[in-house]
Structure formats: C-alpha cells, structure tokens
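Chemist: work-v2.cif is reproduced below (mmCIF, C-alpha atoms).
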```cif
data_protein
#
loop_
_atom_site.group_PDB
_atom_site.id
_atom_site.type_symbol
_atom_site.label_atom_id
_atom_site.label_comp_id
_atom_site.auth_asym_id
_atom_site.auth_seq_id
_atom_site.Cartn_x
_atom_site.Cartn_y
_atom_site.Cartn_z
ATOM 1 C CA MET A 1 0.000 0.000 0.000
ATOM 2 C CA ASP A 2 1.151 3.552 -0.718
ATOM 3 C CA THR A 3 2.446 4.824 2.624
ATOM 4 C CA GLN A 4 0.905 8.225 1.881
ATOM 5 C CA LEU A 5 -2.580 6.709 1.833
ATOM 6 C CA ALA A 6 -4.714 6.145 4.910
ATOM 7 C CA VAL A 7 -7.370 4.233 2.960
ATOM 8 C CA ARG A 8 -7.188 2.362 -0.332
ATOM 9 C CA ALA A 9 -10.270 0.587 -1.701
ATOM 10 C CA ARG A 10 -10.419 -1.262 -5.000
ATOM 11 C CA GLY A 11 -13.615 -2.787 -6.369
ATOM 12 C CA THR A 12 -15.139 -2.912 -2.899
ATOM 13 C CA THR A 13 -18.660 -4.324 -2.861
ATOM 14 C CA LYS A 14 -21.275 -4.931 -0.190
ATOM 15 C CA CYS A 15 -24.797 -6.308 -0.494
ATOM 16 C CA PHE A 16 -27.570 -6.701 2.032
ATOM 17 C CA GLY A 17 -29.759 -9.383 0.503
ATOM 18 C CA ASP A 18 -30.843 -8.066 -2.879
ATOM 19 C CA VAL A 19 -29.789 -4.513 -2.059
ATOM 20 C CA VAL A 20 -26.414 -3.449 -3.468
ATOM 21 C CA ALA A 21 -25.058 -0.940 -0.952
ATOM 22 C CA LEU A 22 -21.583 -0.572 -2.488
ATOM 23 C CA ASP A 23 -20.912 -1.456 -6.107
ATOM 24 C CA GLY A 24 -17.222 -1.647 -7.032
ATOM 25 C CA VAL A 25 -15.996 1.319 -5.005
ATOM 26 C CA ASP A 26 -12.470 2.618 -5.684
ATOM 27 C CA LEU A 27 -11.202 5.147 -3.173
ATOM 28 C CA ASP A 28 -7.884 6.673 -2.097
ATOM 29 C CA LEU A 29 -7.691 8.815 1.040
ATOM 30 C CA GLY A 30 -4.438 10.606 1.765
ATOM 31 C CA GLN A 31 -2.947 10.959 5.210
ATOM 32 C CA GLY A 32 -3.621 14.173 7.101
ATOM 33 C CA GLN A 33 -6.584 15.298 5.012
ATOM 34 C CA ILE A 34 -10.212 15.967 5.869
ATOM 35 C CA HIS A 35 -12.267 14.067 3.322
ATOM 36 C CA GLY A 36 -15.995 14.585 2.894
ATOM 37 C CA LEU A 37 -18.484 11.899 1.926
ATOM 38 C CA VAL A 38 -21.593 13.124 0.118
ATOM 39 C CA GLY A 39 -24.593 11.488 -1.471
ATOM 40 C CA PRO A 40 -28.376 11.144 -1.443
ATOM 41 C CA ASN A 41 -30.068 8.915 1.126
ATOM 42 C CA GLY A 42 -29.355 5.297 0.283
ATOM 43 C CA ALA A 43 -26.181 6.138 -1.646
ATOM 44 C CA GLY A 44 -23.978 3.854 0.479
ATOM 45 C CA LYS A 45 -22.301 6.401 2.745
ATOM 46 C CA THR A 46 -23.162 4.679 6.026
ATOM 47 C CA THR A 47 -22.043 1.305 4.678
ATOM 48 C CA LEU A 48 -18.701 2.744 3.601
ATOM 49 C CA LEU A 49 -18.169 4.380 6.998
ATOM 50 C CA GLY A 50 -19.085 1.067 8.637
ATOM 51 C CA LEU A 51 -16.432 -0.721 6.577
ATOM 52 C CA LEU A 52 -13.777 1.737 7.729
ATOM 53 C CA LEU A 53 -14.803 1.250 11.364
ATOM 54 C CA GLY A 54 -14.939 -2.545 11.128
ATOM 55 C CA LEU A 55 -18.684 -2.640 11.717
ATOM 56 C CA VAL A 56 -19.391 -4.118 8.276
ATOM 57 C CA VAL A 57 -17.503 -6.729 6.247
ATOM 58 C CA ALA A 58 -17.104 -6.297 2.493
ATOM 59 C CA ASP A 59 -18.333 -9.021 0.151
ATOM 60 C CA GLY A 60 -15.720 -8.427 -2.517
ATOM 61 C CA GLY A 61 -12.826 -6.279 -3.632
ATOM 62 C CA SER A 62 -10.005 -5.116 -1.401
ATOM 63 C CA LEU A 63 -9.747 -2.593 1.401
ATOM 64 C CA GLU A 64 -6.567 -1.429 3.112
ATOM 65 C CA VAL A 65 -6.662 0.878 6.134
ATOM 66 C CA LEU A 66 -3.537 2.491 7.571
ATOM 67 C CA GLY A 67 -1.308 0.190 5.587
ATOM 68 C CA ARG A 68 -3.001 -3.083 6.534
ATOM 69 C CA PRO A 69 -5.518 -5.207 4.604
ATOM 70 C CA VAL A 70 -8.941 -5.400 6.218
ATOM 71 C CA GLY A 71 -10.057 -9.010 6.540
ATOM 72 C CA ARG A 72 -13.439 -10.693 6.471
ATOM 73 C CA ALA A 73 -14.101 -10.482 10.213
ATOM 74 C CA LEU A 74 -15.916 -7.806 12.203
ATOM 75 C CA ALA A 75 -13.103 -5.996 13.964
ATOM 76 C CA ALA A 76 -12.114 -2.359 14.241
ATOM 77 C CA PRO A 77 -8.834 -1.740 12.386
ATOM 78 C CA ARG A 78 -6.039 -0.599 14.676
ATOM 79 C CA GLY A 79 -5.713 3.168 14.811
ATOM 80 C CA VAL A 80 -9.295 3.848 13.680
ATOM 81 C CA ALA A 81 -12.050 5.431 15.783
ATOM 82 C CA GLY A 82 -15.331 7.263 15.269
ATOM 83 C CA PHE A 83 -19.064 6.692 15.115
ATOM 84 C CA VAL A 84 -21.903 6.005 12.690
ATOM 85 C CA ASP A 85 -25.548 6.947 13.302
ATOM 86 C CA GLY A 86 -24.568 8.965 16.362
ATOM 87 C CA PRO A 87 -22.311 8.066 19.283
ATOM 88 C CA GLY A 88 -23.296 5.255 21.638
ATOM 89 C CA LEU A 89 -23.536 6.659 25.177
ATOM 90 C CA TYR A 90 -24.751 5.490 28.591
ATOM 91 C CA PRO A 91 -27.500 8.011 29.492
ATOM 92 C CA SER A 92 -27.289 7.411 33.231
ATOM 93 C CA LEU A 93 -23.537 8.062 33.381
ATOM 94 C CA THR A 94 -21.810 11.426 33.398
ATOM 95 C CA ALA A 95 -19.627 12.539 30.526
ATOM 96 C CA ARG A 96 -16.502 11.628 32.484
ATOM 97 C CA GLN A 97 -17.955 8.253 33.514
ATOM 98 C CA ASN A 98 -18.888 7.465 29.910
ATOM 99 C CA LEU A 99 -15.305 7.972 28.819
ATOM 100 C CA ALA A 100 -13.953 5.997 31.784
ATOM 101 C CA ALA A 101 -16.247 3.075 30.953
ATOM 102 C CA LEU A 102 -15.170 3.165 27.319
ATOM 103 C CA ALA A 103 -11.494 3.287 28.272
ATOM 104 C CA THR A 104 -11.980 0.233 30.515
ATOM 105 C CA LEU A 105 -13.744 -1.675 27.730
ATOM 106 C CA ARG A 106 -10.747 -0.964 25.512
ATOM 107 C CA GLY A 107 -8.365 -2.343 28.114
ATOM 108 C CA GLN A 108 -7.083 1.043 29.235
ATOM 109 C CA ASP A 109 -6.627 2.159 32.814
ATOM 110 C CA ALA A 110 -9.330 4.804 33.282
ATOM 111 C CA ARG A 111 -7.148 6.560 35.872
ATOM 112 C CA THR A 112 -4.440 7.268 33.304
ATOM 113 C CA ALA A 113 -6.613 7.732 30.210
ATOM 114 C CA ARG A 114 -6.762 11.182 28.623
ATOM 115 C CA ILE A 115 -10.329 11.756 29.829
ATOM 116 C CA ASP A 116 -10.002 15.316 31.128
ATOM 117 C CA GLN A 117 -7.815 16.269 28.185
ATOM 118 C CA VAL A 118 -10.270 15.148 25.503
ATOM 119 C CA LEU A 119 -13.226 16.645 27.361
ATOM 120 C CA GLY A 120 -11.348 19.942 27.266
ATOM 121 C CA GLU A 121 -10.555 19.543 23.587
ATOM 122 C CA VAL A 122 -14.237 19.275 22.667
ATOM 123 C CA GLY A 123 -15.378 21.981 25.106
ATOM 124 C CA LEU A 124 -17.194 19.808 27.660
ATOM 125 C CA THR A 125 -15.076 20.436 30.764
ATOM 126 C CA GLU A 126 -17.821 22.397 32.533
ATOM 127 C CA VAL A 127 -20.364 19.569 32.099
ATOM 128 C CA ALA A 128 -17.956 16.677 32.686
ATOM 129 C CA ASP A 129 -19.906 15.549 35.759
ATOM 130 C CA ASP A 130 -23.384 15.990 34.267
ATOM 131 C CA ARG A 131 -25.342 12.916 33.177
ATOM 132 C CA ALA A 132 -25.472 12.312 29.432
ATOM 133 C CA ARG A 133 -29.270 11.925 29.481
ATOM 134 C CA GLY A 134 -29.568 15.683 29.933
ATOM 135 C CA PHE A 135 -27.249 16.538 27.047
ATOM 136 C CA SER A 136 -28.479 18.221 23.909
ATOM 137 C CA LEU A 137 -27.864 16.539 20.548
ATOM 138 C CA GLY A 138 -24.873 18.790 19.928
ATOM 139 C CA MET A 139 -23.348 17.966 23.329
ATOM 140 C CA ARG A 140 -23.799 14.240 22.666
ATOM 141 C CA GLN A 141 -22.022 14.661 19.346
ATOM 142 C CA ARG A 142 -19.110 16.383 21.073
ATOM 143 C CA LEU A 143 -18.953 13.654 23.715
ATOM 144 C CA GLY A 144 -18.862 11.081 20.930
ATOM 145 C CA LEU A 145 -15.940 12.946 19.386
ATOM 146 C CA ALA A 146 -14.178 12.985 22.766
ATOM 147 C CA ALA A 147 -14.656 9.206 23.005
ATOM 148 C CA ALA A 148 -13.089 8.750 19.585
ATOM 149 C CA LEU A 149 -10.113 10.918 20.528
ATOM 150 C CA LEU A 150 -9.252 8.815 23.601
ATOM 151 C CA THR A 151 -7.165 6.423 21.508
ATOM 152 C CA ARG A 152 -5.334 9.114 19.486
ATOM 153 C CA PRO A 153 -6.673 7.663 16.196
ATOM 154 C CA ARG A 154 -4.770 7.983 12.944
ATOM 155 C CA LEU A 155 -8.071 7.648 11.043
ATOM 156 C CA LEU A 156 -11.147 9.383 12.471
ATOM 157 C CA VAL A 157 -14.514 8.437 10.952
ATOM 158 C CA LEU A 158 -17.502 10.652 11.765
ATOM 159 C CA ASP A 159 -21.131 10.546 10.660
ATOM 160 C CA GLU A 160 -22.867 13.958 10.707
ATOM 161 C CA PRO A 161 -20.548 15.375 13.401
ATOM 162 C CA SER A 162 -22.148 18.845 13.207
ATOM 163 C CA ASN A 163 -25.658 17.557 13.984
ATOM 164 C CA GLY A 164 -27.275 19.706 16.639
ATOM 165 C CA LEU A 165 -24.290 22.019 17.086
ATOM 166 C CA ASP A 166 -24.903 25.728 17.557
ATOM 167 C CA PRO A 167 -22.554 28.126 15.675
ATOM 168 C CA ALA A 168 -20.084 28.303 18.581
ATOM 169 C CA GLY A 169 -20.062 24.525 19.006
ATOM 170 C CA LYS A 170 -19.599 23.979 15.285
ATOM 171 C CA LYS A 171 -16.688 26.403 15.190
ATOM 172 C CA HIS A 172 -15.102 24.580 18.119
ATOM 173 C CA VAL A 173 -15.479 21.131 16.542
ATOM 174 C CA HIS A 174 -14.224 22.377 13.192
ATOM 175 C CA GLY A 175 -11.158 23.732 14.956
ATOM 176 C CA VAL A 176 -10.517 20.350 16.578
ATOM 177 C CA LEU A 177 -10.793 18.502 13.249
ATOM 178 C CA THR A 178 -8.579 21.012 11.451
ATOM 179 C CA ARG A 179 -5.901 20.678 14.128
ATOM 180 C CA LEU A 180 -6.043 16.876 14.000
ATOM 181 C CA ALA A 181 -5.564 16.907 10.223
ATOM 182 C CA ALA A 182 -2.640 19.316 10.561
ATOM 183 C CA GLU A 183 -1.050 16.842 12.980
ATOM 184 C CA GLY A 184 -1.415 13.984 10.480
ATOM 185 C CA THR A 185 -4.735 12.384 11.378
ATOM 186 C CA THR A 186 -6.982 11.539 8.432
ATOM 187 C CA VAL A 187 -10.594 12.593 9.014
ATOM 188 C CA VAL A 188 -13.480 11.122 7.019
ATOM 189 C CA LEU A 189 -16.844 12.704 7.620
ATOM 190 C CA SER A 190 -20.269 12.275 6.125
ATOM 191 C CA SER A 191 -22.653 15.210 6.172
ATOM 192 C CA HIS A 192 -25.648 16.685 4.419
ATOM 193 C CA ARG A 193 -24.348 20.154 5.339
ATOM 194 C CA MET A 194 -22.576 21.306 2.186
ATOM 195 C CA ASP A 195 -21.288 24.465 3.876
ATOM 196 C CA ASP A 196 -19.568 22.366 6.561
ATOM 197 C CA LEU A 197 -17.886 20.149 3.989
ATOM 198 C CA GLU A 198 -16.741 23.077 1.886
ATOM 199 C CA SER A 199 -15.244 24.878 4.866
ATOM 200 C CA LEU A 200 -13.466 21.780 6.192
ATOM 201 C CA CYS A 201 -12.626 19.361 3.417
ATOM 202 C CA SER A 202 -9.703 19.347 1.040
ATOM 203 C CA GLU A 203 -11.333 16.595 -1.011
ATOM 204 C CA VAL A 204 -14.769 15.005 -1.334
ATOM 205 C CA THR A 205 -16.238 11.770 -2.632
ATOM 206 C CA ILE A 206 -19.755 11.764 -4.043
ATOM 207 C CA LEU A 207 -21.645 8.474 -3.909
ATOM 208 C CA ALA A 208 -24.866 7.573 -5.675
ATOM 209 C CA THR A 209 -26.517 4.142 -5.780
ATOM 210 C CA GLY A 210 -23.410 2.603 -4.240
ATOM 211 C CA ARG A 211 -20.983 3.933 -6.842
ATOM 212 C CA VAL A 212 -18.391 6.684 -6.743
ATOM 213 C CA ARG A 213 -19.493 9.458 -9.084
ATOM 214 C CA PHE A 214 -16.695 11.859 -8.180
ATOM 215 C CA SER A 215 -13.672 11.819 -5.898
ATOM 216 C CA GLY A 216 -11.105 14.577 -5.685
ATOM 217 C CA PRO A 217 -10.453 18.208 -4.740
ATOM 218 C CA LEU A 218 -13.357 20.631 -4.562
ATOM 219 C CA GLY A 219 -11.666 22.802 -7.175
ATOM 220 C CA LYS A 220 -11.742 19.930 -9.653
ATOM 221 C CA LEU A 221 -15.436 19.422 -8.952
ATOM 222 C CA ALA A 222 -16.097 23.073 -9.806
ATOM 223 C CA ALA A 223 -14.163 22.727 -13.055
ATOM 224 C CA GLU A 224 -15.979 19.523 -14.069
ATOM 225 C CA ASN A 225 -19.428 20.605 -12.993
ATOM 226 C CA ARG A 226 -22.242 21.733 -15.244
ATOM 227 C CA GLU A 227 -23.024 25.416 -15.627
ATOM 228 C CA LEU A 228 -23.650 27.274 -12.389
ATOM 229 C CA ASP A 229 -25.478 30.501 -11.583
ATOM 230 C CA TYR A 230 -23.261 33.252 -10.157
ATOM 231 C CA ARG A 231 -24.146 36.514 -8.422
ATOM 232 C CA LEU A 232 -22.107 39.363 -9.876
ATOM 233 C CA LEU A 233 -21.879 42.724 -8.107
ATOM 234 C CA SER A 234 -20.180 45.462 -10.074
ATOM 235 C CA SER A 235 -19.642 49.207 -10.135
ATOM 236 C CA ASP A 236 -21.842 49.567 -13.246
ATOM 237 C CA PRO A 237 -24.655 46.948 -13.359
ATOM 238 C CA PRO A 238 -26.214 48.091 -16.691
ATOM 239 C CA ALA A 239 -22.849 47.978 -18.473
ATOM 240 C CA ALA A 240 -22.012 44.636 -16.859
ATOM 241 C CA ARG A 241 -25.320 43.247 -18.073
ATOM 242 C CA ARG A 242 -24.576 44.357 -21.647
ATOM 243 C CA LEU A 243 -21.134 42.742 -21.597
ATOM 244 C CA ALA A 244 -22.520 39.540 -20.077
ATOM 245 C CA ALA A 245 -25.214 39.339 -22.754
ATOM 246 C CA GLU A 246 -22.525 39.564 -25.446
ATOM 247 C CA ALA A 247 -20.040 37.154 -23.817
ATOM 248 C CA ALA A 248 -19.617 33.691 -25.323
ATOM 249 C CA GLY A 249 -20.814 30.895 -23.073
ATOM 250 C CA VAL A 250 -22.558 33.255 -20.635
ATOM 251 C CA ARG A 251 -26.305 33.641 -20.144
ATOM 252 C CA VAL A 252 -27.965 36.374 -18.157
ATOM 253 C CA VAL A 253 -30.556 35.005 -15.735
ATOM 254 C CA GLU A 254 -33.653 37.166 -15.875
ATOM 255 C CA ASP A 255 -34.737 36.713 -12.262
ATOM 256 C CA ALA A 256 -31.835 38.827 -10.976
ATOM 257 C CA GLY A 257 -32.520 41.676 -8.594
ATOM 258 C CA ALA A 258 -31.317 42.981 -5.266
ATOM 259 C CA TRP A 259 -29.103 40.957 -2.977
ATOM 260 C CA HIS A 260 -28.207 42.301 0.468
ATOM 261 C CA GLY A 261 -29.486 45.687 -0.647
ATOM 262 C CA ALA A 262 -27.298 45.950 -3.772
ATOM 263 C CA GLU A 263 -28.265 45.540 -7.409
ATOM 264 C CA VAL A 264 -26.935 42.205 -8.599
ATOM 265 C CA LEU A 265 -26.570 40.494 -11.925
ATOM 266 C CA VAL A 266 -27.027 36.713 -12.074
ATOM 267 C CA VAL A 267 -25.227 34.920 -14.884
ATOM 268 C CA ARG A 268 -25.023 31.256 -15.836
ATOM 269 C CA ALA A 269 -21.725 29.895 -17.142
ATOM 270 C CA LEU A 270 -18.974 27.341 -16.897
ATOM 271 C CA VAL A 271 -15.837 28.474 -15.063
ATOM 272 C CA PRO A 272 -13.751 29.297 -18.206
ATOM 273 C CA ALA A 273 -16.516 31.456 -19.682
ATOM 274 C CA LEU A 274 -16.986 33.206 -16.340
ATOM 275 C CA GLU A 275 -13.268 33.987 -16.159
ATOM 276 C CA GLN A 276 -13.406 35.524 -19.632
ATOM 277 C CA LEU A 277 -16.362 37.681 -18.572
ATOM 278 C CA VAL A 278 -14.490 38.972 -15.508
ATOM 279 C CA ALA A 279 -11.483 39.793 -17.663
ATOM 280 C CA GLY A 280 -13.748 41.715 -20.049
ATOM 281 C CA LEU A 281 -15.286 43.691 -17.183
ATOM 282 C CA VAL A 282 -11.832 44.667 -15.924
ATOM 283 C CA ARG A 283 -10.778 45.812 -19.403
ATOM 284 C CA ALA A 284 -13.912 47.966 -19.533
ATOM 285 C CA ASP A 285 -13.018 49.596 -16.188
ATOM 286 C CA ILE A 286 -15.982 47.974 -14.464
ATOM 287 C CA ALA A 287 -15.018 47.011 -10.932
ATOM 288 C CA VAL A 288 -16.075 43.532 -9.788
ATOM 289 C CA ARG A 289 -17.186 43.972 -6.172
ATOM 290 C CA GLY A 290 -18.521 40.506 -5.588
ATOM 291 C CA LEU A 291 -18.703 37.177 -7.398
ATOM 292 C CA ALA A 292 -20.072 33.994 -5.827
ATOM 293 C CA PRO A 293 -22.122 30.979 -6.913
ATOM 294 C CA VAL A 294 -25.807 31.096 -6.029
ATOM 295 C CA ILE A 295 -25.339 27.506 -4.886
ATOM 296 C CA SER A 296 -21.941 25.880 -4.502
ATOM 297 C CA PRO A 297 -20.481 23.370 -6.993
ATOM 298 C CA LEU A 298 -20.778 20.675 -4.321
ATOM 299 C CA GLU A 299 -24.438 21.398 -3.692
ATOM 300 C CA ALA A 300 -25.120 21.579 -7.433
ATOM 301 C CA ALA A 301 -23.497 18.179 -7.959
ATOM 302 C CA PHE A 302 -25.471 16.728 -5.040
ATOM 303 C CA LEU A 303 -28.760 18.070 -6.420
ATOM 304 C CA ALA A 304 -27.960 16.792 -9.909
ATOM 305 C CA LEU A 305 -27.313 13.297 -8.564
ATOM 306 C CA THR A 306 -30.465 13.391 -6.449
ATOM 307 C CA GLU A 307 -32.546 14.463 -9.439
ATOM 308 C CA GLN A 308 -30.995 11.737 -11.597
ATOM 309 C CA GLN A 309 -31.644 9.119 -8.914
ATOM 310 C CA GLU A 310 -35.315 10.146 -8.746
ATOM 311 C CA ALA A 311 -35.573 10.044 -12.551
ATOM 312 C CA ASP A 312 -34.128 6.510 -12.666
ATOM 313 C CA ARG A 313 -36.723 5.107 -10.261
#
```
Show how you would write the structure in this file as structure tokens.

Modeler:
Amino acid sequence: MDTQLAVRARGTTKCFGDVVALDGVDLDLGQGQIHGLVGPNGAGKTTLLGLLLGLVVADGGSLEVLGRPVGRALAAPRGVAGFVDGPGLYPSLTARQNLAALATLRGQDARTARIDQVLGEVGLTEVADDRARGFSLGMRQRLGLAAALLTRPRLLVLDEPSNGLDPAGKKHVHGVLTRLAAEGTTVVLSSHRMDDLESLCSEVTILATGRVRFSGPLGKLAAENRELDYRLLSSDPPAARRLAAEAAGVRVVEDAGAWHGAEVLVVRALVPALEQLVAGLVRADIAVRGLAPVISPLEAAFLALTEQQEADR
C-alpha cells in the first residue's frame, strides 16, 4: 500500500440481501486530510463508513486501512475510531464516567486515560460531571468525538458530526478537526451540510446508488461541474449586463434583482466562460465587487445526482 494513503479501496462491494449498498468502489484517502463523503439517502455512505470502522464486512474487492488489509471479520482496524448513526452513550452516566467506561472496555486504565484532556478539547469540561441523558444533541455529538479521541486515532470516521451544534459549538469542533488533520490524522466525515464540507474538506467523494461518481479536490469538482449561476456585483450593473449578454458561453438570468441591498446580476456559465467575462469587465473599467455561486459546486453536484436518482426510479 502507498504509505501516503490512509485508505485504499479497489472494487469494494457490499450487499444486504438483494440490495447493493456498495458497487465496485475505488477510493484513495491521503494521510492528514479531511475528506468529505456526500450522497443522497441510500447512496452507500453509512455502509462505507461502517467498513472503515470494522462494523461491516465487504463481500468483494479489497480494502486497506492504515497500511493493513482489512479481513473478512468484524473488527475495528487498529488506529481507527469514530461513530456512525450517532455516538453510543450510557445516558445514566456522566460525561466523564462514559469515557472511563469506554477506556476500561478498551483495556485502558481509566485513571491514566486522557479523559479530562479530551473533554477539554471538545469543550465539555464544565459539564464533565453531568449525566449524558440531559445533554443536547450537539453535546452528545461532542462527547462522541471525545470518546473517539481517547485512543489518538490515525483515522477518524464521523457521521454527521455537526448535527445539533450551535454556531459556537460547530466552530469549536471544526477547529478540533482542522488541528487533528494538521497533525497527520486523516478525518473522514459524512454530512448533508454542504457548507460544513466546503469549509473543512480538502477533497470530497460523491456516492450515488453505491458507486463513486466523483472523488477529488473541490476545485476539480467546480471545473468539471455543469453550468452554475453566479451573483455578480459590479460598479456599473447596466454595463455589466450588456457585456454579459454579449459574452460567449454566458447567459444572463432574468430573475436577478437585489441581494443584500445591492443591485446584482445573475449569470449562468462554466468556469472558463466566467473567467473571460471577468477579464472583459476589468478591461472595460468595471469594478467587480462581488462574485459567488448562487449555490456551490458541491451542492449543485449533489442536487444533480439526487434528481438523476429520482428520474431513474
């Protein structure tokens, strides 16, 4: 296995009866990156996360995690931690007691485990002695992350880690994940929150009907994607509209209007055509004061796959 890869899958398949959950999945995940997993419901995301955590056994193909082949037995690969479908907690125990119990189950001495340290890392020090049954969804998610961090994993697998987090909690968790990746830990996370994935991930994999439809950097996704709508704010909206109407590969969207109190032009184009339009505006001494997609390339790709999946049914 390439020593720079944390995960390498080739032709990985998994079926549950007549349902094909994963259909010949090829996947490479580099060390020290945050990798997002995206797809409609039923795409195979949970099954893939389960394979990485040793909760599911593949039917075919090969899977290597942290340099070691994953066999055909249910067992968590060494150096891997995380959760799928939410963290498993004991409601009647406190946050600290939950982590102590987990450390004991893993054969660690709870007295020397990093319990207070990981509680501090996820921002739960002040509620360490509160029972988990009173925790909000976001607090349970953070406690689940703390549990995963106990073993200093080299591969961290998380399913919807931002569920229930308020803005401050999300910022805190994002900071933890970014630091872990900077220190060499590979983070794989599944989420329906496109904004979270775009702010965190260096690369994404898009699954649909058990197959990989795209895997790579977000920038490559933008370049390969279909036309997107972009909001264009300029110093001279009428002149910008005229230039956009004349530009090759650019269409002016008629339902433009005000955005955040400013007059905005909405254009539809591929990235190369959009770049040519911006260059033309600059040559015409029209200042570009804002340019952003109405929806992101990742969200557009997700919606396109969802629409195609519905059409195929």

Chemist: Choose the residue, out of A:Ser234, A:Ser162, A:Thr112, A:Gln97, that has the smallest atom-to-atom separation from Arg131 (chain A); count only C-alpha atoms.

Modeler: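 Result for the nearest residue to Arg131 (chain A): A:Gln97.
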
Chemist: Enumerate, as a list of chain:residue names, the residues matched when the PyMOL selection byres ((chain A and resi 153) around 9) is run on the file above.

Modeler: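 Applied to this file, the PyMOL selection byres ((chain A and resi 153) around 9) returns A:Arg78, A:Gly79, A:Val80, A:Ala81, A:Gly82, A:Ala148, A:Leu149, A:Leu150, A:Thr151, A:Arg152, A:Arg154, A:Leu155, A:Leu156, A:Thr185, A:Thr186.
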
Chemist: Could you state which residues are captured by the PyMOL selection byres ((chain A and resi 62) around 9) in this file, as a VMD selection string?

Modeler: chain A and resid 8 to 13 58 60 to 61 63 to 64 69 to 71

Chemist: Enter the distance from CA of Ala147 (chain A) to CA of Ser199 (chain A), in Å, rounded to one decimal.

Modeler: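 Value for the CA of Ala147 (chain A)-CA of Ser199 (chain A) distance: 24.0 Å.
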
Chemist: If we count only C-alpha atoms, what is near region 206-213 of chain A at a cut-off of 9 Å, once residues fewer than 5 positions away on the same chain are taken out, given as a list in words?

Modeler: Thr13, Lys14, Val20, Ala21, Leu22, Asp23, Gly24, Val25, Asp26, Leu27, Gly36, Leu37, Val38, Gly39, Pro40, Asn41, Gly42, Ala43, Gly44, Lys45, Leu298, Ala301, Phe302, Leu305, Thr306 and Gln309 of chain A

Chemist: Looking at A:Gly134, A:Gly120, A:Pro272, A:Pro297, which one is nearest to Ala146 (chain A), with distances taken over only C-alpha atoms?

Modeler: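 Ranked by minimum distance to Ala146 (chain A), first place goes to A:Gly120.
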
Chemist: Would you list the residues near (-17.8, 6.1, 27.2), meaning any protein, DNA or RNA residue with an atom at most 12 Å from that point in file coordinates, counting only C-alpha atoms, as a PyMOL selection string?

Modeler: chain A and resi 87-106+110+113+115+118-119+128+131-132+140+143-150
